[in-house]
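Participant: Just so it is clear, I am handing over input_25.csv, which has CSV, C-alpha atoms and all ligand atoms.
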chain,number,residue,atom,x,y,z
A,273,MET,CA,20.1,-50.5,-24.0
A,274,LEU,CA,16.9,-52.5,-23.6
A,275,MET,CA,14.1,-50.4,-22.0
A,276,GLU,CA,16.5,-47.6,-21.4
A,277,GLN,CA,13.8,-45.0,-20.8
A,278,GLU,CA,12.0,-47.2,-18.2
A,279,ARG,CA,15.4,-48.0,-16.5
A,280,THR,CA,16.2,-44.3,-16.3
A,281,GLU,CA,12.8,-43.5,-14.9
A,282,ILE,CA,13.1,-46.2,-12.2
A,283,VAL,CA,16.5,-44.9,-11.1
A,284,GLU,CA,14.9,-41.4,-10.7
A,285,TYR,CA,11.9,-42.7,-8.7
A,286,LEU,CA,13.9,-45.0,-6.4
A,287,LYS,CA,15.7,-42.0,-5.1
A,288,MET,CA,12.3,-40.3,-4.7
A,289,LEU,CA,11.2,-43.2,-2.5
A,290,ILE,CA,13.8,-42.0,0.0
A,291,THR,CA,13.6,-38.2,-0.5
A,292,HIS,CA,9.8,-38.3,-0.2
A,293,GLY,CA,10.0,-40.3,3.0
A,294,LEU,CA,8.3,-43.4,1.6
A,295,THR,CA,11.0,-45.8,2.5
A,296,LYS,CA,14.4,-46.1,4.3
A,297,GLY,CA,17.7,-47.7,3.2
A,298,THR,CA,17.2,-50.0,0.3
A,299,GLY,CA,13.6,-50.9,1.3
A,300,GLY,CA,10.9,-50.9,-1.3
A,301,ASN,CA,11.1,-51.7,-5.0
A,302,ILE,CA,9.7,-50.3,-8.3
A,303,SER,CA,8.9,-51.9,-11.7
A,304,VAL,CA,7.6,-50.7,-15.1
A,305,TYR,CA,6.0,-53.0,-17.7
A,306,SER,CA,6.2,-52.7,-21.4
A,307,PRO,CA,3.1,-54.4,-23.0
A,308,GLU,CA,4.8,-54.2,-26.4
A,309,LEU,CA,7.9,-56.0,-25.3
A,310,LYS,CA,6.1,-58.1,-22.7
A,311,LEU,CA,9.0,-57.3,-20.3
A,312,MET,CA,9.3,-55.5,-17.0
A,313,ALA,CA,12.2,-53.4,-15.8
A,314,ILE,CA,12.6,-53.8,-12.0
A,315,SER,CA,14.9,-52.4,-9.3
A,316,PRO,CA,17.9,-54.6,-8.2
A,317,SER,CA,18.1,-56.2,-4.8
A,318,GLY,CA,19.8,-54.3,-2.0
A,319,MET,CA,21.7,-51.6,-3.9
A,320,ASP,CA,22.2,-48.0,-2.7
A,321,TYR,CA,19.5,-46.0,-4.6
A,322,PHE,CA,21.8,-43.0,-4.9
A,323,LYS,CA,24.5,-45.0,-6.7
A,324,LEU,CA,22.3,-46.7,-9.2
A,325,MET,CA,22.8,-46.5,-12.9
A,326,PRO,CA,20.2,-47.4,-15.6
A,327,GLU,CA,22.1,-50.6,-16.4
A,328,ASP,CA,21.7,-51.7,-12.8
A,329,ILE,CA,17.9,-52.1,-13.4
A,330,VAL,CA,17.1,-55.7,-14.3
A,331,ILE,CA,14.9,-56.7,-17.2
A,332,MET,CA,12.6,-59.7,-16.7
A,333,ASP,CA,9.7,-61.4,-18.3
A,334,PRO,CA,6.5,-61.4,-16.1
A,335,GLU,CA,7.2,-65.1,-15.2
A,336,GLY,CA,10.4,-64.0,-13.4
A,337,ASN,CA,13.2,-64.9,-15.9
A,338,VAL,CA,16.0,-62.4,-16.2
A,339,VAL,CA,16.3,-61.2,-19.8
A,340,ASP,CA,18.9,-58.5,-19.4
A,341,GLY,CA,21.1,-57.0,-16.7
A,342,LYS,CA,23.9,-58.2,-14.5
A,343,ARG,CA,22.3,-57.5,-11.1
A,344,LYS,CA,20.1,-59.7,-8.9
A,345,PRO,CA,16.5,-58.5,-9.3
A,346,SER,CA,14.4,-57.4,-6.3
A,347,SER,CA,13.4,-60.4,-4.2
A,348,GLU,CA,9.8,-59.2,-4.7
A,349,TYR,CA,9.8,-59.6,-8.5
A,350,GLU,CA,7.0,-62.2,-8.3
A,351,MET,CA,4.8,-59.5,-6.6
A,352,HIS,CA,5.4,-57.2,-9.6
A,353,GLY,CA,5.1,-59.9,-12.3
A,354,ILE,CA,1.8,-61.2,-11.1
A,355,PHE,CA,0.1,-57.8,-11.8
A,356,TYR,CA,1.5,-57.7,-15.3
A,357,ARG,CA,0.2,-61.2,-16.0
A,358,GLU,CA,-3.2,-60.6,-14.4
A,359,ARG,CA,-4.1,-56.9,-14.9
A,360,THR,CA,-4.0,-54.8,-18.1
A,361,ASP,CA,-4.7,-51.6,-16.2
A,362,ILE,CA,-1.5,-51.8,-14.2
A,363,LEU,CA,1.8,-51.0,-16.0
A,364,SER,CA,3.8,-49.9,-13.1
A,365,VAL,CA,4.1,-51.2,-9.5
A,366,VAL,CA,5.6,-49.3,-6.5
A,367,HIS,CA,6.3,-51.0,-3.2
A,368,ALA,CA,7.3,-49.0,-0.1
A,369,HIS,CA,7.8,-49.4,3.6
A,370,SER,CA,6.3,-46.1,4.4
A,371,PRO,CA,5.7,-45.4,8.1
A,372,TYR,CA,1.9,-44.9,8.5
A,373,ALA,CA,0.9,-47.5,5.9
A,374,SER,CA,3.3,-49.9,7.7
A,375,ILE,CA,1.8,-49.1,11.1
A,376,LEU,CA,-1.7,-49.9,9.9
A,377,ALA,CA,-0.4,-53.0,8.1
A,378,CYS,CA,1.1,-54.1,11.5
A,379,LEU,CA,-2.4,-53.7,13.0
A,380,ASN,CA,-3.8,-55.6,10.0
A,381,TRP,CA,-6.1,-52.6,9.5
A,382,GLY,CA,-7.2,-51.5,6.1
A,383,ILE,CA,-7.8,-47.7,5.4
A,384,GLU,CA,-11.4,-46.6,5.6
A,385,PRO,CA,-12.5,-43.6,3.5
A,386,CYS,CA,-12.0,-40.6,5.8
A,387,SER,CA,-10.0,-38.4,3.4
A,388,TYR,CA,-11.3,-38.1,-0.1
A,389,LEU,CA,-7.8,-38.7,-1.4
A,390,ILE,CA,-8.3,-42.4,-0.9
A,391,GLY,CA,-10.3,-42.2,-4.2
A,392,SER,CA,-6.9,-42.3,-6.0
A,393,ALA,CA,-6.9,-46.0,-5.0
A,394,GLY,CA,-10.6,-46.8,-4.8
A,395,ARG,CA,-13.3,-46.9,-2.2
A,396,ASN,CA,-11.0,-48.1,0.6
A,397,VAL,CA,-7.7,-49.8,0.9
A,398,ARG,CA,-7.7,-53.4,2.2
A,399,CYS,CA,-5.0,-55.0,4.3
A,400,THR,CA,-3.9,-58.6,3.4
A,401,LYS,CA,-3.0,-61.2,6.0
A,402,TYR,CA,0.7,-61.7,6.6
A,403,GLU,CA,2.8,-63.7,4.1
A,404,THR,CA,6.6,-64.1,4.1
A,405,PHE,CA,8.4,-61.5,1.9
A,406,GLY,CA,9.6,-62.6,-1.5
A,407,THR,CA,7.1,-65.5,-1.8
A,408,GLU,CA,4.5,-66.4,-4.3
A,409,GLU,CA,2.0,-66.5,-1.5
A,410,LEU,CA,2.7,-62.8,-0.8
A,411,ALA,CA,2.3,-62.0,-4.6
A,412,GLN,CA,-1.0,-63.9,-4.8
A,413,SER,CA,-2.3,-62.2,-1.6
A,414,ALA,CA,-1.3,-58.7,-2.9
A,415,LEU,CA,-3.1,-59.4,-6.2
A,416,GLU,CA,-6.3,-60.4,-4.4
A,417,GLY,CA,-6.1,-57.5,-1.9
A,418,MET,CA,-5.7,-55.0,-4.8
A,419,LYS,CA,-8.7,-56.3,-6.7
A,420,ASP,CA,-10.6,-53.3,-8.1
A,421,ARG,CA,-8.2,-51.0,-6.4
A,422,TYR,CA,-4.9,-49.4,-7.1
A,423,ALA,CA,-3.3,-49.9,-3.7
A,424,VAL,CA,-3.2,-52.4,-0.9
A,425,LEU,CA,-1.6,-52.8,2.6
A,426,LEU,CA,0.5,-55.9,2.9
A,427,GLY,CA,-0.1,-57.3,6.4
A,428,ASN,CA,2.8,-56.7,8.9
A,429,HIS,CA,4.9,-55.4,5.9
A,430,GLY,CA,4.1,-52.2,4.0
A,431,LEU,CA,2.4,-50.6,1.0
A,432,LEU,CA,1.9,-51.6,-2.6
A,433,ALA,CA,0.5,-49.3,-5.3
A,434,GLY,CA,-0.1,-49.7,-9.1
A,435,GLY,CA,-1.0,-47.6,-12.0
A,436,LEU,CA,-1.0,-47.1,-15.7
A,437,ASP,CA,2.5,-45.5,-15.5
A,438,LEU,CA,5.2,-44.9,-12.9
A,439,PRO,CA,4.3,-41.3,-12.0
A,440,THR,CA,0.7,-42.4,-11.4
A,441,ALA,CA,1.7,-45.5,-9.3
A,442,PHE,CA,4.1,-43.3,-7.3
A,443,ASP,CA,1.5,-40.6,-6.8
A,444,THR,CA,-1.0,-43.2,-5.5
A,445,ALA,CA,1.6,-44.6,-3.1
A,446,GLU,CA,2.1,-41.1,-1.7
A,447,GLU,CA,-1.6,-40.3,-1.5
A,448,ILE,CA,-2.3,-43.6,0.3
A,449,GLU,CA,0.6,-43.1,2.7
A,450,PHE,CA,-1.0,-39.7,3.5
A,451,CYS,CA,-4.4,-41.3,3.9
A,452,ALA,CA,-2.9,-43.9,6.3
A,453,GLU,CA,-1.4,-41.0,8.4
A,454,ILE,CA,-4.7,-39.2,8.5
A,455,TYR,CA,-6.6,-42.3,9.4
A,456,TYR,CA,-4.1,-43.3,12.1
A,457,LYS,CA,-4.2,-39.8,13.6
A,458,CYS,CA,-8.0,-39.6,13.5
A,459,LYS,CA,-8.2,-43.0,15.3
A,460,ALA,CA,-5.7,-41.8,17.9
A,461,VAL,CA,-8.1,-39.0,19.1
A,462,GLY,CA,-11.5,-40.2,18.1
A,463,GLU,CA,-13.6,-41.8,15.5
A,464,PRO,CA,-13.2,-40.4,12.0
A,465,VAL,CA,-16.4,-39.5,10.1
A,466,LEU,CA,-16.3,-41.7,7.1
A,467,LEU,CA,-17.4,-40.7,3.6
A,468,ASN,CA,-20.5,-42.6,2.5
A,469,LYS,CA,-21.1,-44.6,-0.7
A,470,GLU,CA,-22.8,-41.7,-2.5
A,471,GLN,CA,-19.9,-39.3,-1.6
A,472,MET,CA,-17.4,-41.9,-2.7
A,473,ASP,CA,-19.3,-42.5,-6.0
A,474,VAL,CA,-18.8,-38.8,-6.8
A,475,ILE,CA,-15.2,-38.8,-5.7
A,476,ILE,CA,-14.3,-41.8,-7.8
A,477,GLU,CA,-16.1,-40.3,-10.8
A,478,LYS,CA,-14.1,-37.1,-10.4
A,479,PHE,CA,-10.8,-39.0,-10.1
A,480,ALA,CA,-11.6,-40.9,-13.2
A,481,ALA,CA,-12.4,-37.7,-15.1
A,482,TYR,CA,-9.2,-36.2,-13.7
A,483,GLY,CA,-7.2,-38.7,-15.7
A,484,VAL,CA,-6.7,-41.1,-12.8
A,485,GLN,CA,-8.7,-44.3,-12.4
A,486,PRO,CA,-11.0,-46.7,-10.5
A,487,GLU,CA,-14.5,-48.1,-10.5
A,488,ALA,CA,-15.9,-51.2,-8.8
A,489,GLU,CA,-18.2,-51.8,-5.9
A,490,GLU,CA,-17.2,-53.4,-2.7
B,501,ZN,ZN,8.9,-55.0,1.3
Once more with this new file: its structure as structure tokens, please.
Facilitator:
Amino acid sequence: MLMEQERTEIVEYLKMLITHGLTKGTGGNISVYSPELKLMAISPSGMDYFKLMPEDIVIMDPEGNVVDGKRKPSSEYEMHGIFYRERTDILSVVHAHSPYASILACLNWGIEPCSYLIGSAGRNVRCTKYETFGTEELAQSALEGMKDRYAVLLGNHGLLAGGLDLPTAFDTAEEIEFCAEIYYKCKAVGEPVLLNKEQMDVIIEKFAAYGVQPEAEE
């Protein structure tokens, strides 16, 4: 089976979206890109994650043409493909409707650096303006919002994270959902003390050394 390992990994992580509280029902979607094959494996549209088999995962090129698989791909395939066309440091994308990230997204608030864990995505996490789900406009806005970052909040929608592989992208999604919760709860009782640029420089350096990622100035 084409990209069997990636398909199997996606099936496992889609269940984790639910069991880790990152999404409900069939919300969210996951993809993994193979730079060798220039193909992505992506979750199908609207299927029960606990009944999925590796063959239900759809194989597409980054332009959005189905190459293998009988299922209909996630309606957000364009939001995954655009990262594989435009960024070489992202080989997996995780999209979730996690509660706290979605609350901030509905306020159109980004996440400011109050917990050091935001360093897994960058200096902060932006929030894009609202775009309709499943559109090229949403994909473009997600790409811009995630510039020099590994996560972005999609306005009035949810969370998107990317990484060099699926475990890293999933981990970043979880860390950023946690940061969204902390930021929300801080704002509910007061004004969080934000980490300054020098503190974030050190954090980002340590995350990079730790095998994770970013760089880049705001
Ligand atoms: Zn969504």
Participant: Taking only residues of segment 324-407 of chain A that have an atom at most 10 Å from an atom of segment 418-439 of chain A, what is each one's shortest atom pair and its distance in Å to one decimal, using all atoms listed in the file, in chain and number order, as a Markdown table?
Facilitator:
| residue | atom | partner | partner_atom | distance |
| --- | --- | --- | --- | --- |
| A:Met351 | CA | A:Leu432 | CA | 9.3 |
| A:His352 | CA | A:Gly434 | CA | 9.3 |
| A:Phe355 | CA | A:Gly434 | CA | 8.5 |
| A:Arg359 | CA | A:Lys419 | CA | 9.4 |
| A:Thr360 | CA | A:Leu436 | CA | 8.6 |
| A:Asp361 | CA | A:Leu436 | CA | 5.8 |
| A:Ile362 | CA | A:Gly435 | CA | 4.8 |
| A:Leu363 | CA | A:Leu436 | CA | 4.8 |
| A:Ser364 | CA | A:Asp437 | CA | 5.2 |
| A:Val365 | CA | A:Gly434 | CA | 4.5 |
| A:Val366 | CA | A:Ala433 | CA | 5.2 |
| A:His367 | CA | A:Leu432 | CA | 4.5 |
| A:Ala368 | CA | A:Leu431 | CA | 5.3 |
| A:His369 | CA | A:Gly430 | CA | 4.7 |
| A:Ser370 | CA | A:Gly430 | CA | 6.5 |
| A:Pro371 | CA | A:Gly430 | CA | 8.1 |
| A:Tyr372 | CA | A:Gly430 | CA | 8.9 |
| A:Ala373 | CA | A:Leu431 | CA | 6.0 |
| A:Ser374 | CA | A:Gly430 | CA | 4.4 |
| A:Ile375 | CA | A:Asn428 | CA | 8.0 |
| A:Leu376 | CA | A:Leu425 | CA | 7.9 |
| A:Ala377 | CA | A:Gly427 | CA | 4.6 |
| A:Cys378 | CA | A:Asn428 | CA | 4.1 |
| A:Leu379 | CA | A:Asn428 | CA | 7.3 |
| A:Asn380 | CA | A:Gly427 | CA | 5.4 |
| A:Trp381 | CA | A:Gly427 | CA | 8.2 |
| A:Gly382 | CA | A:Leu425 | CA | 6.7 |
| A:Ile383 | CA | A:Leu425 | CA | 8.5 |
| A:Ile390 | CA | A:Ala423 | CA | 9.4 |
| A:Gly391 | CA | A:Arg421 | CA | 9.3 |
| A:Ser392 | CA | A:Tyr422 | CA | 7.5 |
| A:Ala393 | CA | A:Tyr422 | CA | 4.5 |
| A:Gly394 | CA | A:Arg421 | CA | 5.1 |
| A:Arg395 | CA | A:Arg421 | CA | 7.8 |
| A:Asn396 | CA | A:Arg421 | CA | 8.1 |
| A:Val397 | CA | A:Val424 | CA | 5.5 |
| A:Arg398 | CA | A:Val424 | CA | 5.6 |
| A:Cys399 | CA | A:Leu425 | CA | 4.4 |
| A:Thr400 | CA | A:Gly427 | CA | 5.0 |
| A:Lys401 | CA | A:Gly427 | CA | 4.9 |
| A:Tyr402 | CA | A:Gly427 | CA | 4.5 |
| A:Glu403 | CA | A:Gly427 | CA | 7.4 |
| A:Thr404 | CA | A:His429 | CA | 9.0 |
| A:Phe405 | CA | A:His429 | CA | 8.1 |
Participant: Of the residues A:Asp443, A:Glu281, A:Glu348, A:Glu453, which is the one nearest to ligand ZN 501 (chain B), using only C-alpha atoms and all ligand atoms?
Facilitator: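 For ligand ZN 501 (chain B), the nearest of the candidates is A:Glu348.
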Participant: Determine the nearest neighbour of ligand ZN 501 (chain B) from the options A:Met273, A:Thr291, A:Glu327, A:Ala411, counting only C-alpha atoms and all ligand atoms.
Facilitator: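 Counting only C-alpha atoms and all ligand atoms, the residue closest to ligand ZN 501 (chain B) is A:Ala411.
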Participant: Compile the contact shell of Ser317 of chain A as an NGL selection string: residues with an atom at most 9 Å away, counting all atoms listed in the file, same-chain residues fewer than 3 positions apart removed.
Facilitator: :A and (298 or 301 or 343-348)
Participant: Within 10 Å of Tyr321 of chain A, counting only C-alpha atoms, which residues show up once you throw out same-chain ones fewer than 4 positions away? Write them as a ChimeraX atom specification, please.
Facilitator: /A:282-290,297-299,315-316,325
